Every structure is written in structure tokens, then in C-alpha cells.
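query21.pdb follows (PDB, C-alpha atoms):
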```pdb
ATOM      1  CA  SER Y  29       0.000   0.000   0.000
ATOM      2  CA  VAL Y  30       1.001   3.646  -0.458
ATOM      3  CA  PRO Y  31       2.213   5.548   2.636
ATOM      4  CA  SER Y  32      -0.129   8.257   3.881
ATOM      5  CA  ASN Y  33       2.635  10.894   3.770
ATOM      6  CA  SER Y  34       6.290  11.359   2.871
ATOM      7  CA  TYR Y  35       9.124  13.555   4.099
ATOM      8  CA  ILE Y  36      12.569  14.363   2.695
ATOM      9  CA  THR Y  37      15.396  16.672   3.735
ATOM     10  CA  ALA Y  38      17.541  18.559   1.214
ATOM     11  CA  ILE Y  39      20.599  20.785   1.422
ATOM     12  CA  HIS Y  40      20.708  23.388  -1.341
ATOM     13  CA  VAL Y  41      24.286  24.587  -1.896
ATOM     14  CA  GLY Y  42      25.801  27.221  -4.121
ATOM     15  CA  GLY Y  43      25.341  30.711  -2.811
ATOM     16  CA  ASP Y  44      23.359  33.717  -3.920
ATOM     17  CA  LYS Y  45      20.839  33.189  -6.706
ATOM     18  CA  VAL Y  46      20.962  29.397  -6.703
ATOM     19  CA  MET Y  47      17.593  28.159  -7.868
ATOM     20  CA  THR Y  48      16.326  24.597  -7.796
ATOM     21  CA  GLN Y  49      14.407  22.892 -10.571
ATOM     22  CA  TRP Y  50      10.726  23.676 -10.926
ATOM     23  CA  HIS Y  51       8.672  20.944  -9.255
ATOM     24  CA  ARG Y  52       5.035  19.954  -9.462
ATOM     25  CA  ILE Y  53       3.488  17.310  -7.230
ATOM     26  CA  MET Y  54       0.229  16.541  -8.975
ATOM     27  CA  ASP Y  55      -1.812  14.990  -6.188
ATOM     28  CA  SER Y  56      -0.078  15.930  -2.942
ATOM     29  CA  ASP Y  57      -0.083  19.059  -0.821
ATOM     30  CA  ASN Y  58       3.392  20.128   0.337
ATOM     31  CA  ALA Y  59       4.707  21.656   3.537
ATOM     32  CA  ILE Y  60       8.132  23.208   2.961
ATOM     33  CA  PHE Y  61      10.246  23.846   6.046
ATOM     34  CA  TRP Y  62      13.314  26.073   6.419
ATOM     35  CA  HIS Y  63      15.791  24.812   9.044
ATOM     36  CA  GLU Y  64      19.092  26.655   8.666
ATOM     37  CA  GLY Y  65      21.276  28.676   6.319
ATOM     38  CA  ALA Y  66      20.439  31.228   3.656
ATOM     39  CA  LYS Y  67      17.042  32.804   3.259
ATOM     40  CA  VAL Y  68      15.057  31.194   0.474
ATOM     41  CA  LYS Y  69      12.427  32.639  -1.839
ATOM     42  CA  LEU Y  70       9.776  30.038  -2.573
ATOM     43  CA  HIS Y  71       8.333  30.867  -6.000
ATOM     44  CA  THR Y  72       4.921  29.259  -6.533
ATOM     45  CA  ILE Y  73       2.672  29.198  -9.580
ATOM     46  CA  HIS Y  74      -0.701  27.957  -8.402
ATOM     47  CA  ALA Y  75      -3.026  25.772 -10.450
ATOM     48  CA  ASP Y  76      -5.166  28.835 -11.264
ATOM     49  CA  GLY Y  77      -2.115  30.643 -12.700
ATOM     50  CA  THR Y  78      -1.596  33.092  -9.825
ATOM     51  CA  GLN Y  79       1.975  33.549  -8.613
ATOM     52  CA  THR Y  80       3.300  34.068  -5.099
ATOM     53  CA  VAL Y  81       6.720  34.457  -3.505
ATOM     54  CA  THR Y  82       7.221  33.454   0.139
ATOM     55  CA  LEU Y  83      10.412  34.275   2.042
ATOM     56  CA  LEU Y  84      11.583  31.325   4.128
ATOM     57  CA  GLY Y  85      14.158  31.932   6.836
ATOM     58  CA  ASN Y  86      14.652  32.448  10.538
ATOM     59  CA  ALA Y  87      11.407  34.150  11.559
ATOM     60  CA  LEU Y  88      12.827  34.841  15.038
ATOM     61  CA  GLU Y  89      15.548  37.051  13.529
ATOM     62  CA  ASP Y  90      13.648  38.437  10.543
ATOM     63  CA  GLY Y  91       9.966  39.252  10.852
ATOM     64  CA  ALA Y  92       9.549  39.147   7.052
ATOM     65  CA  SER Y  93      10.488  35.439   6.972
ATOM     66  CA  THR Y  94       8.593  32.318   7.919
ATOM     67  CA  PHE Y  95       9.790  28.852   8.916
ATOM     68  CA  VAL Y  96       7.193  26.981   6.855
ATOM     69  CA  ALA Y  97       5.151  27.500   3.697
ATOM     70  CA  PHE Y  98       2.464  25.408   2.080
ATOM     71  CA  VAL Y  99       2.109  24.553  -1.593
ATOM     72  CA  GLN Y 100      -1.164  23.042  -2.741
ATOM     73  CA  LYS Y 101      -1.230  20.057  -5.075
ATOM     74  CA  ASP Y 102      -0.759  20.659  -8.799
ATOM     75  CA  ALA Y 103       1.169  23.925  -8.246
ATOM     76  CA  PHE Y 104       4.646  24.530  -9.658
ATOM     77  CA  PHE Y 105       7.333  25.676  -7.221
ATOM     78  CA  THR Y 106      11.040  26.378  -7.008
ATOM     79  CA  CYS Y 107      13.391  27.596  -4.272
ATOM     80  CA  GLU Y 108      15.880  30.457  -4.748
ATOM     81  CA  LEU Y 109      18.712  31.102  -2.275
ATOM     82  CA  VAL Y 110      18.936  34.856  -1.654
ATOM     83  CA  ASP Y 111      21.741  35.440   0.832
ATOM     84  CA  ASP Y 112      24.963  37.302  -0.008
ATOM     85  CA  VAL Y 113      26.968  35.622   2.762
ATOM     86  CA  ILE Y 114      25.559  32.164   3.486
ATOM     87  CA  ASP Y 115      25.834  29.715   0.568
ATOM     88  CA  TYR Y 116      23.529  26.874   1.665
ATOM     89  CA  ALA Y 117      20.049  26.211   3.003
ATOM     90  CA  VAL Y 118      18.766  23.165   4.869
ATOM     91  CA  MET Y 119      15.151  22.509   3.911
ATOM     92  CA  SER Y 120      12.666  19.701   4.278
ATOM     93  CA  TYR Y 121       9.596  18.812   2.290
ATOM     94  CA  GLY Y 122       6.558  16.946   3.544
ATOM     95  CA  CYS Y 123       3.801  15.666   1.266
ATOM     96  CA  SER Y 124       0.346  14.350   2.037
ATOM     97  CA  PRO Y 125      -0.689  12.029   0.597
ATOM     98  CA  ALA Y 126       2.780  10.640  -0.100
ATOM     99  CA  TRP Y 127       4.315  11.629  -3.440
ATOM    100  CA  SER Y 128       5.665   9.182  -5.973
ATOM    101  CA  GLU Y 129       7.853   9.511  -9.065
ATOM    102  CA  ALA Y 130       4.708   8.983 -11.158
ATOM    103  CA  ASN Y 131       3.064  12.168  -9.837
ATOM    104  CA  HIS Y 132       6.218  14.320  -9.563
ATOM    105  CA  VAL Y 133       7.237  16.544 -12.478
ATOM    106  CA  LYS Y 134      10.676  18.219 -12.516
ATOM    107  CA  ILE Y 135      11.483  20.949 -15.031
ATOM    108  CA  ASP Y 136      14.918  22.527 -15.294
ATOM    109  CA  ARG Y 137      14.986  26.265 -14.788
ATOM    110  CA  ILE Y 138      15.959  28.480 -17.704
ATOM    111  CA  GLU Y 139      19.731  28.963 -17.651
ATOM    112  CA  ASN Y 140      20.838  32.239 -16.041
ATOM    113  CA  SER Y 141      17.250  33.307 -15.366
ATOM    114  CA  TYR Y 142      15.666  33.585 -11.947
ATOM    115  CA  THR Y 143      12.308  34.980 -12.987
ATOM    116  CA  GLU Y 144      11.553  33.570 -16.446
ATOM    117  CA  ILE Y 145       9.058  30.713 -16.360
ATOM    118  CA  PRO Y 146       9.933  27.608 -18.433
ATOM    119  CA  GLN Y 147       7.712  26.945 -21.459
ATOM    120  CA  GLU Y 148       6.593  23.582 -20.018
ATOM    121  CA  VAL Y 149       5.036  25.429 -17.073
ATOM    122  CA  THR Y 150       3.208  27.990 -19.215
ATOM    123  CA  ASP Y 151       2.022  25.227 -21.581
ATOM    124  CA  HIS Y 152       0.494  23.330 -18.648
ATOM    125  CA  LEU Y 153      -1.214  26.447 -17.297
ATOM    126  CA  ALA Y 154      -2.670  27.198 -20.737
ATOM    127  CA  GLU Y 155      -4.270  23.731 -20.781
ATOM    128  CA  GLN Y 156      -6.160  24.387 -17.530
TER     129      GLN Y 156
END
```
Please rewrite the model in this file as C-alpha cells.
Amino acid sequence: SVPSNSYITAIHVGGDKVMTQWHRIMDSDNAIFWHEGAKVKLHTIHADGTQTVTLLGNALEDGASTFVAFVQKDAFFTCELVDDVIDYAVMSYGCSPAWSEANHVKIDRIENSYTEIPQEVTDHLAEQ
């Protein structure tokens, strides 16, 4: 049987303006937790096409940051490190129900671009 939820931990390394791949978990809601390191901008394109940016970081030191953000199923998201000094971020991702490779889409970001949305993302949104 399929687990009711899943949880992974990731360390993003590389310094200012490092951006992960775009991800889309088709049938799982995600809780994304910041644990340590650089502040991270969570870029989200929701299923209805709206876009949000959430700043993840140490909310005790920076009132503009939060320790956790939620991404609803079928949304695209990517994480961008935005610290000039710290070159890593420790994050974790929880999904419910559990994600699988079959319902997880990864799209490489556009080289040297931190705001341009890959064509695969816009194509999917146009189909909605």
C-alpha cells in the first residue's frame, strides 16, 4: 500500500541566486520547512495561474520570513537562495498524501534566469 505521507530533507548549496528545478506534485499538498542557512524565496505558480513568492528563513531574527510554507497540489514551485553571505540552506519537504515519481514533475529552470518561467510550465497552465 502507499504511505499516507512522505518527508525528505535537502541541502541546497551554491550561494546567492541558486535556484532549484521547478517541481510539481500533482496529487499531494506540500509543507516546505526552512531549518538553517540562507534565506530562500519560494516561487509558486498555483493551479489557477496566480503567482506568489514566500520568504523562508529564521522568523525569530527576521519578521519578514517564515519557517514553513504550504504549496497546494498541482502547483509549480522552485526555491531560490537569496543570501549574499551564506551559501547553503537546509530545507525539508513533507507531502500528504505521499508523493511518488509517477506524480512528480521536474522541469529545469531556464539557464541564467531567476524569474523567467519555463515553457513547459506555461504550456500546462494554458491547458487548464
List the residues matched by the PyMOL selection byres ((chain Y and resi 100-113) around 7) in the displayed structure as a compact mmCIF listing (two decimals) with C-alpha atoms, in the coordinates of the input, ordered by chain and then by residue number.
```txt
# COMPACT_ATOMS: atom_id res chain seq x y z
CA GLY Y 43 25.34 30.71 -2.81
CA ASP Y 44 23.36 33.72 -3.92
CA LYS Y 45 20.84 33.19 -6.71
CA VAL Y 46 20.96 29.40 -6.70
CA MET Y 47 17.59 28.16 -7.87
CA THR Y 48 16.33 24.60 -7.80
CA GLN Y 49 14.41 22.89 -10.57
CA TRP Y 50 10.73 23.68 -10.93
CA HIS Y 51 8.67 20.94 -9.26
CA ARG Y 52 5.04 19.95 -9.46
CA ILE Y 53 3.49 17.31 -7.23
CA MET Y 54 0.23 16.54 -8.98
CA ASP Y 55 -1.81 14.99 -6.19
CA SER Y 56 -0.08 15.93 -2.94
CA ASP Y 57 -0.08 19.06 -0.82
CA ASN Y 58 3.39 20.13 0.34
CA ALA Y 66 20.44 31.23 3.66
CA LYS Y 67 17.04 32.80 3.26
CA VAL Y 68 15.06 31.19 0.47
CA LYS Y 69 12.43 32.64 -1.84
CA LEU Y 70 9.78 30.04 -2.57
CA HIS Y 71 8.33 30.87 -6.00
CA THR Y 72 4.92 29.26 -6.53
CA ILE Y 73 2.67 29.20 -9.58
CA HIS Y 74 -0.70 27.96 -8.40
CA ALA Y 75 -3.03 25.77 -10.45
CA PHE Y 98 2.46 25.41 2.08
CA VAL Y 99 2.11 24.55 -1.59
CA ILE Y 114 25.56 32.16 3.49
CA ASP Y 115 25.83 29.72 0.57
```
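One finds CA of Ser32 in chain Y at 25.9 Å from CA of Leu84 in chain Y.
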Residues in the PyMOL selection byres ((chain Y and resi 39) around 7), expressed as a ChimeraX atom specification: /Y:38,40-41,116-119
Please, could you write that set of residues out with C-alpha atoms as a PDB file, keeping the file's coordinate frame?
```
ATOM      1  CA  ALA Y  38      17.541  18.559   1.214  1.00  0.00           C
ATOM      2  CA  HIS Y  40      20.708  23.388  -1.341  1.00  0.00           C
ATOM      3  CA  VAL Y  41      24.286  24.587  -1.896  1.00  0.00           C
ATOM      4  CA  TYR Y 116      23.529  26.874   1.665  1.00  0.00           C
ATOM      5  CA  ALA Y 117      20.049  26.211   3.003  1.00  0.00           C
ATOM      6  CA  VAL Y 118      18.766  23.165   4.869  1.00  0.00           C
ATOM      7  CA  MET Y 119      15.151  22.509   3.911  1.00  0.00           C
TER       8      MET Y 119
END
```
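We find CA of Thr94 in chain Y and CA of Thr37 in chain Y to be spaced 17.6 Å apart.
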Calculate how many Å separate CA of Tyr35 in chain Y from CA of Ala92 in chain Y, rounding to one decimal. 25.8 Å
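Take the candidates Y:Asn86, Y:Gly91, Y:Val96, Y:Thr78 and check each one against Tyr121 in chain Y using all atoms listed in the file; the shortest distance goes to Y:Val96.
Considering only C-alpha atoms, the residue among Y:Thr82, Y:Ile60, Y:Asp90, Y:Asn33 positioned nearest to Cys123 in chain Y is Y:Asn33.
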Using all atoms of range 109-126 of chain Y that appear in the file, construct an axis-aligned enclosing box with 4 Å of padding on every side and provide its centre coordinates and edge lengths in Å, rounded to one decimal, as lines of an AutoDock Vina configuration file.
```
center_x = 13.1
center_y = 24.0
center_z = 1.3
size_x = 35.7
size_y = 34.7
size_z = 15.1
```
Kindly indicate which residue among Y:Gly65, Y:Asp76, Y:Ser120, Y:Gly42 lies nearest to Ala97 in chain Y, using only C-alpha atoms for the distances. Y:Ser120
